[in-house]
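What follows is the content of upload_12.cif (mmCIF, C-alpha atoms and all ligand atoms).
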```
data_entry
#
loop_
_atom_site.label_atom_id
_atom_site.label_comp_id
_atom_site.auth_asym_id
_atom_site.auth_seq_id
_atom_site.Cartn_x
_atom_site.Cartn_y
_atom_site.Cartn_z
CA MET A 110 -16.01 33.18 -1.66
CA PHE A 111 -17.23 30.36 -3.85
CA VAL A 112 -20.86 30.25 -2.76
CA ASN A 113 -23.40 33.03 -2.34
CA SER A 114 -23.94 32.41 1.32
CA ASN A 115 -22.16 30.29 3.93
CA SER A 116 -25.07 27.94 4.35
CA VAL A 117 -24.42 24.21 4.58
CA ASN A 118 -27.10 23.55 1.99
CA GLU A 119 -25.32 25.64 -0.57
CA ILE A 120 -22.00 23.92 -0.02
CA VAL A 121 -23.66 20.56 -0.52
CA THR A 122 -25.22 21.78 -3.79
CA TYR A 123 -21.96 23.35 -4.91
CA TYR A 124 -20.06 20.08 -4.39
CA GLN A 125 -22.71 18.26 -6.48
CA GLU A 126 -22.33 20.79 -9.26
CA LYS A 127 -18.54 20.96 -9.34
CA LEU A 128 -17.85 17.24 -9.10
CA SER A 129 -20.59 16.08 -11.46
CA GLU A 130 -18.17 15.38 -14.29
CA LEU A 131 -15.96 13.18 -12.15
CA TYR A 132 -18.35 11.19 -9.99
CA PRO A 133 -21.95 9.91 -10.03
CA SER A 134 -24.25 11.89 -7.77
CA ASN A 135 -24.55 9.22 -5.04
CA GLU A 136 -20.76 9.11 -4.76
CA ILE A 137 -20.59 12.91 -4.52
CA LYS A 138 -23.09 12.66 -1.69
CA ASN A 139 -20.80 10.19 0.09
CA ILE A 140 -17.76 12.37 -0.51
CA THR A 141 -19.57 15.47 0.77
CA GLU A 142 -20.65 13.60 3.89
CA MET A 143 -17.07 12.46 4.45
CA MET A 144 -15.89 16.07 4.18
CA PHE A 145 -18.41 17.27 6.79
CA GLU A 146 -17.41 14.41 9.05
CA HIS A 147 -13.74 15.26 8.59
CA PHE A 148 -13.84 19.05 8.93
CA MET A 149 -16.84 19.53 11.25
CA GLY A 150 -17.09 16.19 13.06
CA TRP A 151 -20.69 15.88 11.87
CA ASP A 152 -22.28 12.53 11.09
CA LYS A 153 -24.93 12.25 8.35
CA MET A 154 -27.79 12.98 10.76
CA THR A 155 -26.12 16.11 12.08
CA LEU A 156 -25.40 17.26 8.53
CA ARG A 157 -29.06 16.89 7.65
CA SER A 158 -30.31 18.71 10.71
CA ASN A 159 -27.75 21.50 10.22
CA SER A 160 -28.55 22.05 6.57
CA LYS A 161 -29.76 25.60 7.13
CA SER A 162 -26.96 26.67 9.44
CA SER A 163 -23.96 28.71 8.32
CA LEU A 164 -20.26 28.01 8.42
CA SER A 165 -17.60 30.52 9.40
CA GLU A 166 -15.27 31.91 6.73
CA SER A 167 -12.39 29.72 7.92
CA GLU A 168 -14.56 26.60 7.82
CA LEU A 169 -15.75 27.53 4.36
CA LEU A 170 -12.14 27.84 3.25
CA LEU A 171 -11.47 24.22 4.26
CA PHE A 172 -14.33 23.02 2.05
CA HIS A 173 -13.09 25.22 -0.76
CA GLN A 174 -9.54 23.85 -0.59
CA ALA A 175 -10.79 20.28 -0.41
CA LEU A 176 -13.00 20.82 -3.47
CA LYS A 177 -9.99 22.06 -5.41
CA ARG A 178 -8.12 18.85 -4.64
CA LEU A 179 -11.14 16.66 -5.39
CA SER A 180 -11.60 18.43 -8.73
CA LYS A 181 -8.06 17.43 -9.63
CA ASN A 182 -9.06 13.80 -9.11
CA GLU A 183 -7.36 13.37 -5.75
CA PRO A 184 -9.00 10.48 -3.86
CA VAL A 185 -11.16 11.63 -0.95
CA GLN A 186 -9.22 9.24 1.33
CA HIS A 187 -6.06 11.29 0.72
CA ILE A 188 -7.85 14.41 1.88
CA THR A 189 -9.26 12.86 5.02
CA GLY A 190 -6.05 10.81 5.42
CA LYS A 191 -7.99 7.78 6.54
CA VAL A 192 -10.12 4.86 5.49
CA GLU A 193 -12.10 2.16 7.22
CA PHE A 194 -11.03 -1.42 6.49
CA TYR A 195 -12.58 -4.47 8.12
CA SER A 196 -14.32 -2.01 10.51
CA LEU A 197 -10.96 -0.63 11.69
CA PRO A 198 -9.47 2.83 11.07
CA PHE A 199 -6.40 3.06 8.82
CA LYS A 200 -4.24 6.03 8.00
CA VAL A 201 -3.56 6.38 4.27
CA ASN A 202 -1.34 8.53 2.08
CA LYS A 203 0.26 8.48 -1.35
CA HIS A 204 2.92 5.96 -0.30
CA ALA A 205 0.61 2.95 -0.05
CA LEU A 206 -2.41 1.60 -1.85
CA ILE A 207 -5.76 2.66 -0.38
CA PRO A 208 -7.18 -0.59 1.06
CA ARG A 209 -9.88 -2.08 -1.19
CA PRO A 210 -13.08 -3.95 -0.28
CA GLU A 211 -11.96 -7.09 -2.15
CA THR A 212 -9.01 -7.34 0.24
CA GLU A 213 -11.48 -7.37 3.15
CA GLU A 214 -12.86 -10.56 1.62
CA LEU A 215 -9.36 -12.06 1.67
CA VAL A 216 -8.92 -11.11 5.34
CA ASP A 217 -12.31 -12.56 6.18
CA LEU A 218 -11.43 -15.89 4.57
CA VAL A 219 -8.06 -16.12 6.32
CA ILE A 220 -9.63 -15.37 9.70
CA LYS A 221 -12.17 -18.16 9.17
CA GLU A 222 -9.62 -20.71 7.98
CA CYS A 223 -6.54 -19.90 10.04
CA ILE A 224 -7.69 -19.72 13.67
CA GLY A 225 -4.99 -21.31 15.80
CA SER A 226 -2.11 -20.53 13.41
CA GLU A 227 1.10 -19.67 15.22
CA THR A 228 2.63 -17.40 12.58
CA ILE A 229 1.36 -15.42 9.61
CA LEU A 230 3.37 -13.41 7.09
CA ASP A 231 1.93 -10.79 4.72
CA ILE A 232 4.13 -9.88 1.74
CA GLY A 233 3.70 -6.40 0.20
CA THR A 234 1.88 -5.11 3.22
CA GLY A 235 1.37 -1.43 2.22
CA THR A 236 -0.78 0.26 4.88
CA GLY A 237 -0.60 -2.94 6.94
CA CYS A 238 -4.34 -3.45 6.54
CA ILE A 239 -4.01 -7.24 6.12
CA PRO A 240 -1.74 -8.16 9.07
CA ILE A 241 -3.30 -5.60 11.41
CA SER A 242 -6.89 -6.73 10.83
CA LEU A 243 -5.77 -10.37 11.14
CA LYS A 244 -3.92 -9.69 14.39
CA LYS A 245 -6.97 -7.93 15.78
CA GLN A 246 -8.97 -11.15 15.39
CA LEU A 247 -6.27 -13.81 15.83
CA LYS A 248 -4.82 -12.49 19.08
CA ASN A 249 -2.47 -15.41 19.80
CA THR A 250 -0.91 -15.48 16.34
CA ILE A 251 2.44 -13.82 15.69
CA VAL A 252 2.00 -11.63 12.63
CA TYR A 253 4.63 -10.21 10.27
CA GLY A 254 4.40 -7.79 7.36
CA VAL A 255 7.04 -7.18 4.69
CA ASP A 256 7.29 -4.32 2.23
CA VAL A 257 9.95 -2.89 -0.07
CA SER A 258 8.93 0.70 0.73
CA ALA A 259 10.16 2.36 3.92
CA ASP A 260 7.46 5.02 3.47
CA ALA A 261 4.75 2.34 3.36
CA LEU A 262 6.19 0.65 6.45
CA ALA A 263 6.05 3.96 8.30
CA ILE A 264 2.28 4.15 7.69
CA ALA A 265 1.88 0.46 8.54
CA THR A 266 3.68 1.02 11.84
CA ASP A 267 1.42 3.99 12.63
CA ASN A 268 -1.61 1.87 11.77
CA ALA A 269 -0.55 -0.94 14.08
CA ALA A 270 -0.31 1.60 16.91
CA LEU A 271 -3.60 3.23 15.92
CA ASN A 272 -5.29 -0.16 16.28
CA SER A 273 -3.31 -1.22 19.37
CA THR A 274 -1.95 -4.31 17.64
CA GLU A 275 1.50 -5.82 17.67
CA VAL A 276 2.74 -6.64 14.17
CA THR A 277 6.42 -6.97 13.23
CA PHE A 278 7.24 -5.11 10.03
CA VAL A 279 10.36 -5.87 8.02
CA LYS A 280 11.76 -3.94 5.05
CA GLU A 281 12.56 -6.38 2.26
CA ASP A 282 12.37 -6.48 -1.52
CA VAL A 283 10.65 -9.80 -2.06
CA LEU A 284 11.98 -10.02 -5.61
CA GLN A 285 15.54 -10.02 -4.22
CA MET A 286 14.97 -12.46 -1.39
CA SER A 287 16.46 -15.92 -1.64
CA SER A 288 14.78 -17.16 1.51
CA ILE A 289 12.28 -15.73 3.96
CA GLU A 290 13.92 -17.61 6.78
CA ASN A 291 17.21 -15.78 6.35
CA SER A 292 15.72 -12.38 6.85
CA ILE A 293 12.82 -13.00 9.21
CA LYS A 294 14.01 -16.24 10.78
CA LYS A 295 10.74 -18.03 10.88
CA GLU A 296 8.78 -20.87 9.45
CA PHE A 297 5.23 -19.75 8.75
CA ASP A 298 1.83 -21.42 9.04
CA VAL A 299 0.22 -18.93 6.68
CA ILE A 300 1.61 -16.65 3.96
CA ILE A 301 -0.57 -14.03 2.29
CA SER A 302 0.05 -11.55 -0.47
CA ASN A 303 -1.82 -8.94 -2.48
CA PRO A 304 1.04 -8.05 -4.84
CA PRO A 305 0.96 -5.72 -7.86
CA TYR A 306 -1.19 -7.43 -10.49
CA ILE A 307 -2.61 -4.86 -12.91
CA THR A 308 -0.83 -5.23 -16.26
CA ASN A 309 0.47 -2.06 -17.93
CA SER A 310 -1.97 -2.61 -20.81
CA GLU A 311 -4.86 -2.54 -18.30
CA LYS A 312 -3.82 0.96 -17.16
CA ARG A 313 -6.13 2.54 -19.70
CA LEU A 314 -9.09 0.97 -17.89
CA MET A 315 -8.13 2.53 -14.55
CA ASN A 316 -9.63 5.66 -13.07
CA GLU A 317 -7.59 8.84 -13.26
CA ASN A 318 -7.57 9.18 -9.46
CA VAL A 319 -5.87 5.79 -9.10
CA LEU A 320 -3.36 6.47 -11.88
CA THR A 321 -2.36 9.91 -10.64
CA PHE A 322 -2.43 9.48 -6.89
CA GLU A 323 -1.75 5.88 -5.93
CA PRO A 324 1.72 4.28 -5.94
CA HIS A 325 2.39 2.50 -9.23
CA ILE A 326 4.89 0.23 -7.49
CA ALA A 327 1.95 -1.30 -5.58
CA LEU A 328 -0.25 -1.74 -8.63
CA PHE A 329 1.38 -2.39 -11.97
CA ILE A 330 3.29 -5.17 -13.59
CA ASP A 331 4.72 -5.84 -17.08
CA ASP A 332 2.46 -7.57 -19.56
CA ASP A 333 5.43 -9.82 -20.40
CA ASP A 334 5.59 -11.25 -16.90
CA PRO A 335 2.20 -10.80 -15.18
CA LEU A 336 2.84 -13.54 -12.60
CA LEU A 337 6.31 -12.30 -11.58
CA PHE A 338 5.34 -11.81 -7.93
CA TYR A 339 3.24 -14.97 -7.77
CA ASP A 340 6.13 -17.04 -9.08
CA LYS A 341 8.63 -15.53 -6.65
CA ILE A 342 6.34 -15.58 -3.61
CA GLY A 343 5.07 -19.06 -4.53
CA HIS A 344 8.62 -20.45 -4.41
CA LEU A 345 9.52 -18.60 -1.22
CA ALA A 346 6.30 -19.79 0.40
CA TYR A 347 6.93 -23.38 -0.63
CA ASP A 348 10.33 -23.25 1.08
CA ASN A 349 9.16 -21.42 4.19
CA LEU A 350 5.68 -22.73 4.97
CA SER A 351 5.28 -25.45 7.53
CA SER A 352 3.97 -28.73 6.18
CA GLY A 353 0.21 -28.23 5.72
CA GLY A 354 0.78 -24.46 5.80
CA LYS A 355 -1.50 -22.24 3.72
CA LEU A 356 -0.82 -19.73 0.97
CA TYR A 357 -3.38 -17.04 0.03
CA PHE A 358 -3.11 -14.66 -2.92
CA GLU A 359 -5.30 -11.81 -4.11
CA ILE A 360 -5.20 -12.04 -7.91
CA ASN A 361 -6.00 -10.27 -11.15
CA GLU A 362 -9.36 -11.70 -12.23
CA HIS A 363 -7.91 -12.76 -15.60
CA TYR A 364 -5.10 -14.89 -14.22
CA GLY A 365 -6.84 -17.38 -11.94
CA ASN A 366 -6.11 -20.47 -14.02
CA GLN A 367 -2.53 -19.48 -14.75
CA THR A 368 -1.85 -18.81 -11.06
CA MET A 369 -3.37 -22.17 -10.21
CA LYS A 370 -1.12 -23.95 -12.75
CA LEU A 371 1.91 -22.11 -11.46
CA LEU A 372 1.27 -23.15 -7.85
CA LYS A 373 0.68 -26.73 -8.97
CA SER A 374 4.01 -26.79 -10.79
CA ILE A 375 5.76 -25.53 -7.64
CA GLY A 376 4.28 -28.46 -5.70
CA PHE A 377 1.29 -27.02 -3.80
CA SER A 378 -1.90 -29.04 -3.37
CA ASP A 379 -5.59 -28.27 -2.70
CA ILE A 380 -5.44 -25.23 -4.97
CA ARG A 381 -8.69 -23.23 -5.20
CA ILE A 382 -9.87 -20.13 -7.02
CA LEU A 383 -12.47 -18.07 -5.15
CA LYS A 384 -14.67 -15.32 -6.52
CA ASP A 385 -15.21 -11.88 -4.96
CA LEU A 386 -18.61 -10.30 -4.30
CA GLN A 387 -18.63 -9.04 -7.88
CA ASN A 388 -18.30 -12.62 -9.06
CA LYS A 389 -14.76 -12.15 -10.35
CA ASP A 390 -11.90 -14.60 -9.68
CA ARG A 391 -10.09 -12.81 -6.85
CA ILE A 392 -8.40 -15.22 -4.45
CA VAL A 393 -6.22 -18.26 -5.00
CA SER A 394 -5.30 -20.43 -2.04
CA ALA A 395 -3.13 -23.52 -1.75
CA ILE A 396 -1.68 -25.89 0.80
CA ARG A 397 1.99 -26.79 1.23
N1 LIG B 401 -7.47 -4.33 -6.59
C1 LIG B 401 -6.64 -3.19 -6.84
C2 LIG B 401 -7.29 -2.28 -7.87
O1 LIG B 401 -8.05 -2.73 -8.67
C3 LIG B 401 -5.26 -3.62 -7.30
C4 LIG B 401 -4.49 -4.28 -6.22
C5 LIG B 401 -3.19 -4.82 -6.69
O2 LIG B 401 -2.65 -4.51 -7.75
N2 LIG B 401 -2.67 -5.63 -5.88
O3 LIG B 401 -7.02 -1.10 -7.90
#
```
Show me, as structure tokens, the structure contained in the file I just sent.
Ligand code: GLN
Amino acid sequence: MFVNSNSVNEIVTYYQEKLSELYPSNEIKNITEMMFEHFMGWDKMTLRSNSKSSLSESELLLFHQALKRLSKNEPVQHITGKVEFYSLPFKVNKHALIPRPETEELVDLVIKECIGSETILDIGTGTGCIPISLKKQLKNTIVYGVDVSADALAIATDNAALNSTEVTFVKEDVLQMSSIENSIKKEFDVIISNPPYITNSEKRLMNENVLTFEPHIALFIDDDDPLLFYDKIGHLAYDNLSSGGKLYFEINEHYGNQTMKLLKSIGFSDIRILKDLQNKDRIVSAIR
């Protein structure tokens, strides 16, 4: 076996040692805690109080296999198969982007500003984290999510069930759509999107675990046309939002002003750029 004894303490130390080149020590601590929660059902307190106890050989094997995957840069969320987003559980896998904290900020804003909306559409829904967490709070709103990937929609559908929410998911390639109304038959009060926005030249700044294990279709865009999705969705939204309807985008921090100009040229008003908790331009909103 990979440690001298089967004691919990030693596994914790071994994880620290083996992952030290990939992650800072506080993150390894978090990852280790997530592994004990996942395999043993132990919370942090239980882990601490069990530090001197021993695991069985088969339990040890689970930690060993997980460490192998972690050492190859696989995100811990792919090993546990889940993540918490807006205090709700979401299933994740390689077919959709792991929900990010900055997107929680987008959800929070929309909940505050869109109470009473009849219909909301999320474009490029991935795990469904945006429409599901909105539906959980805005119970009387009819919520839709669109994605080009059938595999992503399968996870989104599972996640809606997991959270006992009713969201209608539709498979569509937004870049090929001429009108939202044709395919979903609805005028919307709110349209939201967190489309791919990392330019190919920014790839070199990304962590290996994102590059190797997360779907590039959800992340990357050509440097030649960084606002491709914003342009397309902006026009669709202008045609399919009710008068006074709201558009919300998560954006690449370097393209706030350009996105703003684009939406202005389409005809939107009250355009704002909002910063995330790290003080980076992260959300653009506008009114039809
Ligand atoms: N915020 C994500 C990241 O930095 C990217 C999300 C996106 O491309 N829409 O990994």
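For the residues A:Met286, A:Met315, A:Ala327, A:Leu371, ranking by smallest atom-to-atom distance to A:Leu345 using all atoms listed in the file places A:Met286 first.
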Polymer residues at most 9 Å from stretch 146-161 of chain A, all atoms listed in the file, same-chain spacing of 2 or more positions, as a ChimeraX atom specification:
/A:116-119,121,141-144,163,168,171-172,188-189
Go ahead and save the picked residues with C-alpha atoms, as a short mmCIF file (atom, residue, chain, number, x, y, z; two decimals), in the frame of the given file.
```
data_model
loop_
_atom_site.label_atom_id
_atom_site.label_comp_id
_atom_site.auth_asym_id
_atom_site.auth_seq_id
_atom_site.Cartn_x
_atom_site.Cartn_y
_atom_site.Cartn_z
CA SER A 116 -25.07 27.94 4.35
CA VAL A 117 -24.42 24.21 4.58
CA ASN A 118 -27.10 23.55 1.99
CA GLU A 119 -25.32 25.64 -0.57
CA VAL A 121 -23.66 20.56 -0.52
CA THR A 141 -19.57 15.47 0.77
CA GLU A 142 -20.65 13.60 3.89
CA MET A 143 -17.07 12.46 4.45
CA MET A 144 -15.89 16.07 4.18
CA SER A 163 -23.96 28.71 8.32
CA GLU A 168 -14.56 26.60 7.82
CA LEU A 171 -11.47 24.22 4.26
CA PHE A 172 -14.33 23.02 2.05
CA ILE A 188 -7.85 14.41 1.88
CA THR A 189 -9.26 12.86 5.02
#
```
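The space separating atom CA of A:Ser351 from atom CA of A:Gly376 comes to 13.6 Å.
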Output the neighbourhood of ligand LIG 401 (chain B) as a PDB file with C-alpha atoms, keeping the file's coordinate frame, that is, all protein and nucleic acid residues with some atom at most 8 Å from the ligand, counting only C-alpha atoms and all ligand atoms.
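Generated output (pocket06.pdb):
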```pdb
ATOM      1  CA  LEU A 206      -2.410   1.600  -1.850  1.00  0.00           C
ATOM      2  CA  ARG A 209      -9.880  -2.080  -1.190  1.00  0.00           C
ATOM      3  CA  GLU A 211     -11.960  -7.090  -2.150  1.00  0.00           C
ATOM      4  CA  THR A 212      -9.010  -7.340   0.240  1.00  0.00           C
ATOM      5  CA  ASN A 303      -1.820  -8.940  -2.480  1.00  0.00           C
ATOM      6  CA  PRO A 304       1.040  -8.050  -4.840  1.00  0.00           C
ATOM      7  CA  PRO A 305       0.960  -5.720  -7.860  1.00  0.00           C
ATOM      8  CA  TYR A 306      -1.190  -7.430 -10.490  1.00  0.00           C
ATOM      9  CA  ILE A 307      -2.610  -4.860 -12.910  1.00  0.00           C
ATOM     10  CA  MET A 315      -8.130   2.530 -14.550  1.00  0.00           C
ATOM     11  CA  VAL A 319      -5.870   5.790  -9.100  1.00  0.00           C
ATOM     12  CA  ALA A 327       1.950  -1.300  -5.580  1.00  0.00           C
ATOM     13  CA  LEU A 328      -0.250  -1.740  -8.630  1.00  0.00           C
ATOM     14  CA  PHE A 329       1.380  -2.390 -11.970  1.00  0.00           C
ATOM     15  CA  GLU A 359      -5.300 -11.810  -4.110  1.00  0.00           C
ATOM     16  CA  ILE A 360      -5.200 -12.040  -7.910  1.00  0.00           C
ATOM     17  CA  ASN A 361      -6.000 -10.270 -11.150  1.00  0.00           C
TER      18      ASN A 361
END
```
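For the choices A:Asn182, A:Gln174, A:Ser302, A:Ser165, the atom-to-atom distance to A:Tyr339 is smallest for A:Ser302 when using all atoms listed in the file.
Take atom CA of A:Pro335 and atom CA of A:Thr308: the distance between them is 6.4 Å.
Here atom CA of A:Leu218 and atom CA of A:Tyr364 stand 19.9 Å from one another.
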Could you make a table, as JSON lines, of the residues of stretch 154-216 of chain A that have an atom within 12 Å of an atom of stretch 271-282 of chain A, each with its nearest atom pair and distance in Å to one decimal, counting only C-alpha atoms, in chain and number order?
```
{"residue": "A:Lys191", "atom": "CA", "partner": "A:Leu271", "partner_atom": "CA", "distance": 11.3}
{"residue": "A:Glu193", "atom": "CA", "partner": "A:Asn272", "partner_atom": "CA", "distance": 11.6}
{"residue": "A:Phe194", "atom": "CA", "partner": "A:Asn272", "partner_atom": "CA", "distance": 11.4}
{"residue": "A:Tyr195", "atom": "CA", "partner": "A:Asn272", "partner_atom": "CA", "distance": 11.8}
{"residue": "A:Ser196", "atom": "CA", "partner": "A:Asn272", "partner_atom": "CA", "distance": 10.9}
{"residue": "A:Leu197", "atom": "CA", "partner": "A:Asn272", "partner_atom": "CA", "distance": 7.3}
{"residue": "A:Pro198", "atom": "CA", "partner": "A:Asn272", "partner_atom": "CA", "distance": 7.3}
{"residue": "A:Phe199", "atom": "CA", "partner": "A:Leu271", "partner_atom": "CA", "distance": 7.6}
{"residue": "A:Lys200", "atom": "CA", "partner": "A:Leu271", "partner_atom": "CA", "distance": 8.4}
```
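Using all atoms listed in the file, the shortest contact distance between A:Ile220 and any of A:Ala269, A:Ile342, A:Leu262, A:Ile301 is found at A:Ile301.
Between A:Glu290 and the candidates A:Ile239, A:Ile251, A:Ile380, A:Leu350, the tightest atom-to-atom separation, counting only C-alpha atoms, involves A:Leu350.
Nearest to A:Ser114 of all the residues A:Asn388, A:Ser162, A:Thr228, A:Ser180 is A:Ser162, based on all atoms listed in the file.
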Would you mind putting back N, CA, C and O atoms on stretch 179-196 of chain A, then writing it out as a compact mmCIF listing (two decimals), in the frame of the given file?
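After the write, part32.txt holds the following:
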```txt
# COMPACT_ATOMS: atom_id res chain seq x y z
N LEU A 179 -10.23 17.68 -4.84
CA LEU A 179 -11.14 16.66 -5.39
C LEU A 179 -11.33 16.87 -6.90
O LEU A 179 -11.39 15.90 -7.66
N SER A 180 -11.40 18.13 -7.31
CA SER A 180 -11.60 18.43 -8.73
C SER A 180 -10.41 18.00 -9.56
O SER A 180 -10.51 17.81 -10.77
N LYS A 181 -9.25 17.90 -8.91
CA LYS A 181 -8.06 17.43 -9.63
C LYS A 181 -7.93 15.92 -9.51
O LYS A 181 -6.86 15.37 -9.67
N ASN A 182 -9.03 15.26 -9.16
CA ASN A 182 -9.06 13.80 -9.11
C ASN A 182 -8.40 13.17 -7.90
O ASN A 182 -8.20 11.96 -7.86
N GLU A 183 -8.01 13.96 -6.92
CA GLU A 183 -7.36 13.37 -5.75
C GLU A 183 -8.39 12.53 -4.98
O GLU A 183 -9.52 12.96 -4.76
N PRO A 184 -8.03 11.31 -4.59
CA PRO A 184 -9.00 10.48 -3.86
C PRO A 184 -9.39 11.13 -2.53
O PRO A 184 -8.55 11.70 -1.85
N VAL A 185 -10.65 11.01 -2.19
CA VAL A 185 -11.16 11.63 -0.95
C VAL A 185 -10.39 11.09 0.27
O VAL A 185 -10.15 11.81 1.24
N GLN A 186 -9.96 9.84 0.19
CA GLN A 186 -9.22 9.24 1.33
C GLN A 186 -7.88 9.94 1.57
O GLN A 186 -7.36 9.91 2.67
N HIS A 187 -7.31 10.55 0.52
CA HIS A 187 -6.06 11.29 0.72
C HIS A 187 -6.32 12.63 1.39
O HIS A 187 -5.43 13.20 2.01
N ILE A 188 -7.52 13.13 1.23
CA ILE A 188 -7.85 14.41 1.88
C ILE A 188 -8.19 14.19 3.34
O ILE A 188 -7.72 14.91 4.21
N THR A 189 -8.96 13.14 3.61
CA THR A 189 -9.26 12.86 5.02
C THR A 189 -8.08 12.16 5.69
O THR A 189 -7.95 12.20 6.92
N GLY A 190 -7.22 11.51 4.88
CA GLY A 190 -6.05 10.81 5.42
C GLY A 190 -6.40 9.50 6.10
O GLY A 190 -5.58 8.92 6.81
N LYS A 191 -7.63 9.04 5.87
CA LYS A 191 -7.99 7.78 6.54
C LYS A 191 -9.02 6.98 5.75
O LYS A 191 -9.69 7.51 4.85
N VAL A 192 -9.14 5.72 6.12
CA VAL A 192 -10.12 4.86 5.49
C VAL A 192 -10.51 3.78 6.51
O VAL A 192 -9.73 3.48 7.41
N GLU A 193 -11.71 3.26 6.35
CA GLU A 193 -12.10 2.16 7.22
C GLU A 193 -11.89 0.85 6.45
O GLU A 193 -12.27 0.74 5.29
N PHE A 194 -11.27 -0.11 7.11
CA PHE A 194 -11.03 -1.42 6.49
C PHE A 194 -11.33 -2.48 7.53
O PHE A 194 -10.79 -2.43 8.64
N TYR A 195 -12.18 -3.41 7.19
CA TYR A 195 -12.58 -4.47 8.12
C TYR A 195 -13.03 -3.86 9.46
O TYR A 195 -12.66 -4.32 10.54
N SER A 196 -13.78 -2.76 9.35
CA SER A 196 -14.32 -2.01 10.51
C SER A 196 -13.23 -1.42 11.42
O SER A 196 -13.51 -1.11 12.57
```
